[in-house]
Every structure is written in C-alpha cells, then in structure tokens.
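Okay, structure first, notes after.
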Amino acid sequence: MGDFMEDNAKTFIIKGIGVSPGVSIGKVYLFNRTDIQTPFYKINEPVMVMAELDRFLDALHESETQLLDLKNKLVDSGGGMEPLYIIDVHIMIMRDRKFIDLTMQNIRAMSVNAEWAVRMTIEKYKEMFDRMDDDYLRGRISDIQHVGQRIINNLAGKKHVPTEMPEGVVIIAPDLSPADTAQMKIDKVLGFATDGGGKTSHTAIVARSMEIPAVVALETVTESVRMNDDIIIDGSSGVVIINPDPDILKRYEWKKKLYEKAQDDLLDYAALPAITKDHHRVAIGCNIEFVEEIPSAIHHGAEGIGLYRTEFIYINRQSLPDEEEHLANYRSVVGVEGLGWATIRTFDLGGDKFFPDKKGFHEMNPQLGMRAIRFCLKEKDLFKVQLRAILRASVYGELRIMFPMISGIEEIRQAKAILAEVKTELIAEGSSLGDDIETGIMIEIPSAVVIADQLAREVDFFSIGTNDLIQYTLAIDRINEQVSYLYEPLHPAVLRLIKSVVDAGHKAGIRVAMCGEMAGDPAYTMLLVGMGIDELSMHSLAIPRVKKIIRGITMREAESLLNEVMTISSSEEIRTFVGEEMHKHFPEDFSDTVV
Ligand code: PEP
Ligand code: MG
C-alpha cells in the first residue's frame with residue numbers, strides 16, 4: 001500500500017485501501033500531526049530517576065483527566081455517533097498495571113527520560129501486536145499509540161487543546177482515535193485519508209457508519225499534502241488525488257455525481273421488501289460488530305440483525321465482561337424499533353482471535369485451532385456467563401442464538417445442553433425469559449455441510465458462513481494475501497455445498513440463511529435466490545443494491561440461471577457466464593465485463 005503512482009509538477013496520486021465508498025472533493029485539513037520527535041536523554045543520578053518517575057505519573061494523571069473531561073463533554077452533548085467506550089478503553093490502557101510498570105521499568109533500568117520510556121513501551125506492545133494474525137487486532141495497536149502520544153505530549157508540556165475544526169474539509173491524519181474524531185463535527189467532514197489503519201480501524205468504522213468516503217493505509221499522505229491543498233478522496237477504489245488538474249477534477253466531479261445519484265436511487269429500495277417479481281420473499285438481515293452500527297442498518301433497510309459478532313465485545317479488554325455488561329450490550333441489539341429479530345452469535349473467540357489470557361499458548365494453525373464453539377465448550381464457565389446474558393435479553397424482543405464453527409453433532413448437543421442448564425438456573429432464580437428463542441448454527445465447516453441433514457434435526461435454522469466455508473473447502477487461509485487469488489465463491493464445489501445445505505435445511509423444514517460476505521455481493525444474489533435461500537445478511541451499505549436485484553428478477557429466472565451454472569465445471573467460466581447474465585438483467589449495475 002501507499003504506492004506512489006504518478007508525479008508531475010502538482011498533481012499526484014496515492015493508492016491505499018478504500019474503507020468507505022464514495023467520492024469527496026475538498027480542501028485538505030491536516031489534523032494534529034503527531035510526528036514530533038520524541039526527546040531522548042539519559043538520567044544518571046538516582047534522585048533524578050525518582051523525579052522522572054514522578055514526571056511520568058503526573059503526565060499519566062493529566063492525560064487521564066483530559067480524557068475524562070472529554071468523555072463528560074461527549075455525554076453532556078448526547079454522545080453523538082462516537083463510541084464512548086473506546087475512550088474508556090484508552091483510559092483503561094492508562095490505568096493498566098502492565099503499561100505503567102513497563103514504562104517505569106524502562107526509566108529505571110535504562111536510565112532514560114520518561115518520553116523515551118513511553119516510546120519504548122509502545123514499541124514493545126507493537127512487537128506483540130505485529131505477531132497477531134488477526135487484522136482487526138493488529139490494528140488495535142493504534143489505541144496504545146494514541147494513548148502513548150497523549151502522555152508524551154503532556155510530558156513535553158504540549159497540551160491536547162481541542163482545535164477549532166473548520167467544517168467542510170477533508171481530514172488528513174496519521175491515524176485517528178475516537179478522541180480525535182470527538183473533536184470534529186463529523187457530519188460536516190467531507191472525507192478522511194490516513195497514513196495508517198485498516199478495514200476495521202476506528203477511522204474506517206466511523207466513516208462507514210457516517211457514510212463519509214475514506215481511504216486508509218496510505219503511508220505517506222500526511223507528508224504529501226499541505227493545509228488547504230485541493231484533494232479528491234475516492235473511497236471506492238482507494239485512491240487519493242492531491243492537487244488534481246482540471247481534467248481529473250472534471251472526471252471526478254462526474255464520478256461523484258454518478259455515485260451520489262446511484263446511492264440516492266438505491267436508497268429508494270431500502271424501505272421496500274426483498275421480493276421477486278413472482279412474489280418470492282427473501283428476509284434481509286444486517287451483520288454488525290458494534291451496536292453503533294444499528295442506525296445505519298435500519299437506514300439501509302435491514303429487517304433484522306442476521307449476525308451480531310459478539311466477540312468484538314472483547315476487543316481491547318484486559319478483563320472479561322461480566323454478565324451485567326453482556327446484558328447491557330445485548331439489550332441494545334434486541335427489540336430495537338424497526339428491526340424484527342436479532343441473531344446473536346456466541347463468541348467466535350480463541351485461536352488467532354484476541355483473548356487476554358492465552359496462557360502463552362501458541363497455535364501453528366489458529367484457523368484450525370481452539371476457536372469459537374470449541375473454545376466455549378472448553379471454557380464452560382465463561383460460555384455460561386454469555387449464555388445467561390443472552391437468555392436474559394430475550395425478554396426484550398425476538399432473539400435467535402447462533403453457535404459458530406459447528407463441525408459435528410456432539411458439539412451442537414453439548415452447546416444445547418449447556419444452554420438448557422443455564423435456562424433452568426435462570427428460571428429457578430426467577431428470571432423471566434422470552435418464550436420463543438430460536439437456536440441455530442453457522443454452517444461454515446465442510447463436515448457440517450455433509451451431515452447437514454442430521455444437524456438440521458437439532459436446530460431451528462442454519463446460517464451459512466461463506467467466509468470460513470470457502471476457506472476450509474478450498475484450503476486457503478482467508479487472511480493470507482498470497483493465496484487470496486484462489487478465494488472463489490463461484491467455485492463449483494462451493495456452489496454445490498451451499499446448494500446441499502439449503503436443500504437439507506428445507507427438507508428438514510428449517511430456515512437457511514447466509515451471513516458470509518458472499519450474501520452481500522449483488523453479483524451472487526440471483527444465484528442465491530435461485531438456490532432458495534431464506535435470508536441474506538450483510539453489511540448495511542450492501543442492502544439496497546441486493547434488494548434492487550431481488551426485486552428485478554423472477555424466481556424462475558434465478559432458478560434457470562442456477563441450473564445452467566451447476567452444469568459448468570470451471571469457476572472462470574461460471575464467473576463469465578454469471579457476469580453476462582447479470583449485465584443482461586441489470587445493464588446499469590453490471591458492466592459487460594466479468595463480475
Ligand atoms: C463466515 O465465516 O462467513 C462468517 C460470517 O463469520 P466470520 O466472518 O465472523 O468468521
Ligand atoms: Mg466464520
């Protein structure tokens with residue numbers, strides 16, 4: 001990333017990762033550059049070491065006070081869209097014994113000034129985070145960096161004075177923390193471009209939920225612009241253009257207009273049901289990782305929450321949430337006005353996914369390791385805390401429980417037995433529970449597909465997790481860029497597996513949903529409808545387009561496309577064929593090239 005693509009006198013283009021689609025054209029506002037040099041000097045006198053430790057503790061205290069003030073201000077102003085809990089996370093890092101001890105140890109053992117000691121602590125954490133396989137987790141180092149930078153600034157006597165942010169600008173920054181975005185009138189920001197970050201960084205999440213175009217991982221954008229430069233952000237293709245020449249500007253003004261028109265037109269579909277021309281209805285769910293995404297889900301036409309990835313509750317935590325914290329969280333997902341149901345997936349945690357207490361356990365193949373339901377069945381007490389909270393939340397609305405990574409019948413039976421045990425305990429304690437809690441499983445391991453007919457007798461619904469199913473079927477690590485060219489939802493083996501799950505589920509009389517990324521890609525919608533899928537659950541922004549496709553076809557057309565596709569043995573040929581068919585049906589949405 002950060003490729004330098006073109007350079008003439010003024011105009012140049014940098015390529016990064018587009019994390020929030022759309023085009024914005026505006027003036028650069030360079031936000032709070034944090035590239036000040038960290039001073040370094042040796043402290044030789046023992047008494048000076050003591051003074052340095054005090055200096056560090058004072059700065060730590062000052063930093064915490066600033067964040068508490070900021071938090072109070074946000075609470076008073078109604079909180080806006082800011083996830084307040086991330087400010088809590090920053091406060092927690094500042095209070096963390098390990099963070100404090102490590103820094104104090106650096107001052108003592110290395111006899112260095114406090115600024116340098118903080119820098120060393122951040123580096124130590126960075127090494128640890130860099131070793132994590134999970135993209136999201138690796139990205140969370142930015143929280144520790146933000147905290148460290150605040151302390152260093154305070155040590156240097158440089159206060160984080162909230163700057164008066166101009167409106168209608170494109171924000172350029174090394175990376176943005178919640179505390180940074182809290183200072184902005186977010187709804188007046190035109191776009192974001194950052195040196196660091198990834199698809200799940202704070203900038204990306206805020207930008208997507210506010211529908212502001214954003215490009216991250218540009219590496220050098222802060223060095224490449226000056227205040228007030230003209231800039232274009234193309235969040236769909238991940239391109240940033242600085243000082244565009246008049247031709248480029250014209251082209252992008254046109255692209256922006258087209259994009260906005262398409263979005264507006266598409267939003268017309270948000271409120272409509274996903275129903276084919278011959279009256280076959282598909283339920284549309286939204287996938288969420290944070291409760292803050294719910295307003296966007298409703299706005300884009302979700303009918304329910306099809307997948308709540310609860311493991312994200314654990315992000316950045318040193319200690320496990322207790323039952324009441326879980327409950328408070330699930331309460332804001334269940335029974336939300338405008339949403340019919342909430343599918344809460346129990347933690348897909350463990351393996352390469354973060355977990356504060358891994359007991360030094362390292363796995364060679366984390367994707368095949370102690371994760372999800374395996375981990376929960378092993379750590380039964382922890383699992384029970386989550387199940388208790390989920391069950392208690394069921395009084396507030398239609399709730400569905402979903403277990404991830406089921407590979408065989410024993411796992412679902414054990415999970416159900418624990419659920420029953422928890423239910424009995426709660427009833428004995430006098431808790432009231434909802435009366436119609438459905439239980440389902442993710443179908444994302446090939447063995448589960450093969451025995452889907454048997455698994456179907458145990459549950460009320462299936463939800464196909466194509467992200468993992470494709471990974472395990474085609475033997476490609478889904479986070480390994482080297483083999484991503486093999487990641488092919490249209491592989492005939494994948495299509496056959498999906499079809500057999502839908503058929504097995506229907507034969508047993510249960511609903512079959514899909515919540516992997518494949519469900520939100522409009523190129524596959526017609527095929528999936530043809531298979532008879534009952535529910536598609538996806539990222540909120542994808543919903544209007546998928547609804548548009550469903551409303552523009554008949555079940556007969558979808559079935560005949562599927563029948564044809566199932567006779568083709570090459571993924572490439574399937575891709576070309578599906579592309580041509582989609583272009584025929586929706587010439588304005590699909591180009592005549594391959595999908
Ligand atoms: C999947 O595997 O398709 C899925 C939806 O779950 P996750 O991406 O969280 O593994
Ligand atoms: Mg999965």
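If you're wondering about the labels, chains in the structure tokens are A, B, ... by order shown, residues count from 1 in each chain, ligands from 1 in order shown.
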| Taking only C-alpha atoms and all ligand atoms into account, which residues are within 9 Å of ligand 1, as number ranges by chain? | A: 287, 307-309, 311, 348, 404-405, 442-445, 463-471, 514-518, 537-538
| message | Give me, as a PyMOL selection string, all polymer residues having an atom no more than 8 Å from Ala214 of chain A, counting only C-alpha atoms and skipping those fewer than 3 positions away in the same chain. | response | chain A and resi 18-21+191-193+203-204+207+233-235+238
| task | Enumerate, as a ChimeraX atom specification, the complete set of residues in segment 481-519 of chain A that a backbone-based DSSP assignment places in helix (DSSP H, G or I). | result | /A:481-486,492-507,517-519
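Each of A:Phe577, A:Gly285, A:Ile275, A:Ile390 was checked against Glu323 of chain A using only C-alpha atoms; the smallest atom-to-atom distance is that of A:Ile390.
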| query | Could you name the residues that touch segment 139-148 of chain A at 10 Å or less, counting only C-alpha atoms, but leaving out those on the same chain fewer than 3 positions away, as JSON, numbers by chain? | reply | {"A": [34, 60, 63, 64, 67, 86, 87, 89, 90, 91, 92, 93, 94, 99, 115, 118, 119, 120, 121, 122, 123, 125, 126, 127, 128, 129, 130, 132, 134, 135, 136, 151, 152, 153, 154, 175, 176, 177, 178, 179, 180, 196, 197, 198, 199, 200, 201, 202, 315, 316]}
| said: Between atom CA of Arg226 of chain A and atom CA of Ile172 of chain A, what distance in Å does the model show, to one decimal? | reply: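 According to the coordinates, atom CA of Arg226 of chain A and atom CA of Ile172 of chain A are separated by 9.6 Å.
Distances to Leu155 of chain A were evaluated for A:Asp453, A:Asp460, A:Asp187, A:Asp58 using only C-alpha atoms, and the minimum falls at A:Asp58.
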| request: Could you tell me how far atom CA of Leu57 of chain A lies from atom CA of Asn72 of chain A, in Å and to one decimal? | output: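 Atom CA of Asn72 of chain A lies 22.5 Å from atom CA of Leu57 of chain A.
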| said: Show me, as an MDAnalysis selection string, the residues that have an atom within 7 Å of Ile437 of chain A when counting only C-alpha atoms, minus same-chain residues fewer than 3 positions from it. | reply: chainID A and resid 399:400 434
| request: Do a neighbour search on Lys277 of chain A at 10 Å with only C-alpha atoms, toss out local chain neighbours closer than 5 positions, and write the hits as number ranges by chain. | output: A: 550-556
| field | Gap from atom CA of Val112 of chain A to atom CA of Ile100 of chain A - Å, one decimal | value | 15.1 Å
Shell of 8 Å around Leu339 of chain A, only C-alpha atoms, local chain residues under 6 positions omitted, as a PDB file with N, CA and C atoms, in the first residue's frame:
ATOM      1  N   ILE A 298     -30.733   0.125  10.012  1.00  0.00           N
ATOM      2  CA  ILE A 298     -32.151   0.483   9.817  1.00  0.00           C
ATOM      3  C   ILE A 298     -32.298   1.402   8.607  1.00  0.00           C
ATOM      4  N   ALA A 302     -32.376  -2.866   6.655  1.00  0.00           N
ATOM      5  CA  ALA A 302     -32.301  -4.196   7.274  1.00  0.00           C
ATOM      6  C   ALA A 302     -33.626  -4.492   7.950  1.00  0.00           C
ATOM      7  N   GLU A 303     -34.033  -5.756   7.892  1.00  0.00           N
ATOM      8  CA  GLU A 303     -35.274  -6.142   8.568  1.00  0.00           C
ATOM      9  C   GLU A 303     -34.991  -6.737   9.941  1.00  0.00           C
ATOM     10  N   GLY A 304     -33.753  -7.155  10.128  1.00  0.00           N
ATOM     11  CA  GLY A 304     -33.351  -7.708  11.426  1.00  0.00           C
ATOM     12  C   GLY A 304     -31.834  -7.734  11.488  1.00  0.00           C
ATOM     13  N   ILE A 305     -31.293  -8.171  12.609  1.00  0.00           N
ATOM     14  CA  ILE A 305     -29.848  -8.378  12.696  1.00  0.00           C
ATOM     15  C   ILE A 305     -29.601  -9.854  12.399  1.00  0.00           C
TER      16      ILE A 305
END
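Comparing the minimum interatomic distances between ligand 2 and each of A:Leu349, A:Val512, A:Lys73, A:Lys548, counting only C-alpha atoms and all ligand atoms, we find that A:Leu349 sits nearest.
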| task | Choose the residue, out of A:Ile241, A:Leu541, A:Val170, A:Ala417, that has the smallest atom-to-atom separation from Pro295 of chain A; count only C-alpha atoms. | result |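 Of all the options, A:Leu541 lies closest to Pro295 of chain A.
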| task | Determine the nearest neighbour of ligand 2 from the options A:Ile406, A:Pro587, A:Tyr269, A:Asn365, counting only C-alpha atoms and all ligand atoms. | result |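 Closest to ligand 2 of all the choices is A:Ile406.
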| message | When you count only C-alpha atoms and all ligand atoms, which of these residues is closest to ligand 2: A:Leu391, A:Ala372, A:Met364, A:Met210? | response |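 Of A:Leu391, A:Ala372, A:Met364, A:Met210, the one nearest ligand 2, counting only C-alpha atoms and all ligand atoms, is A:Ala372.
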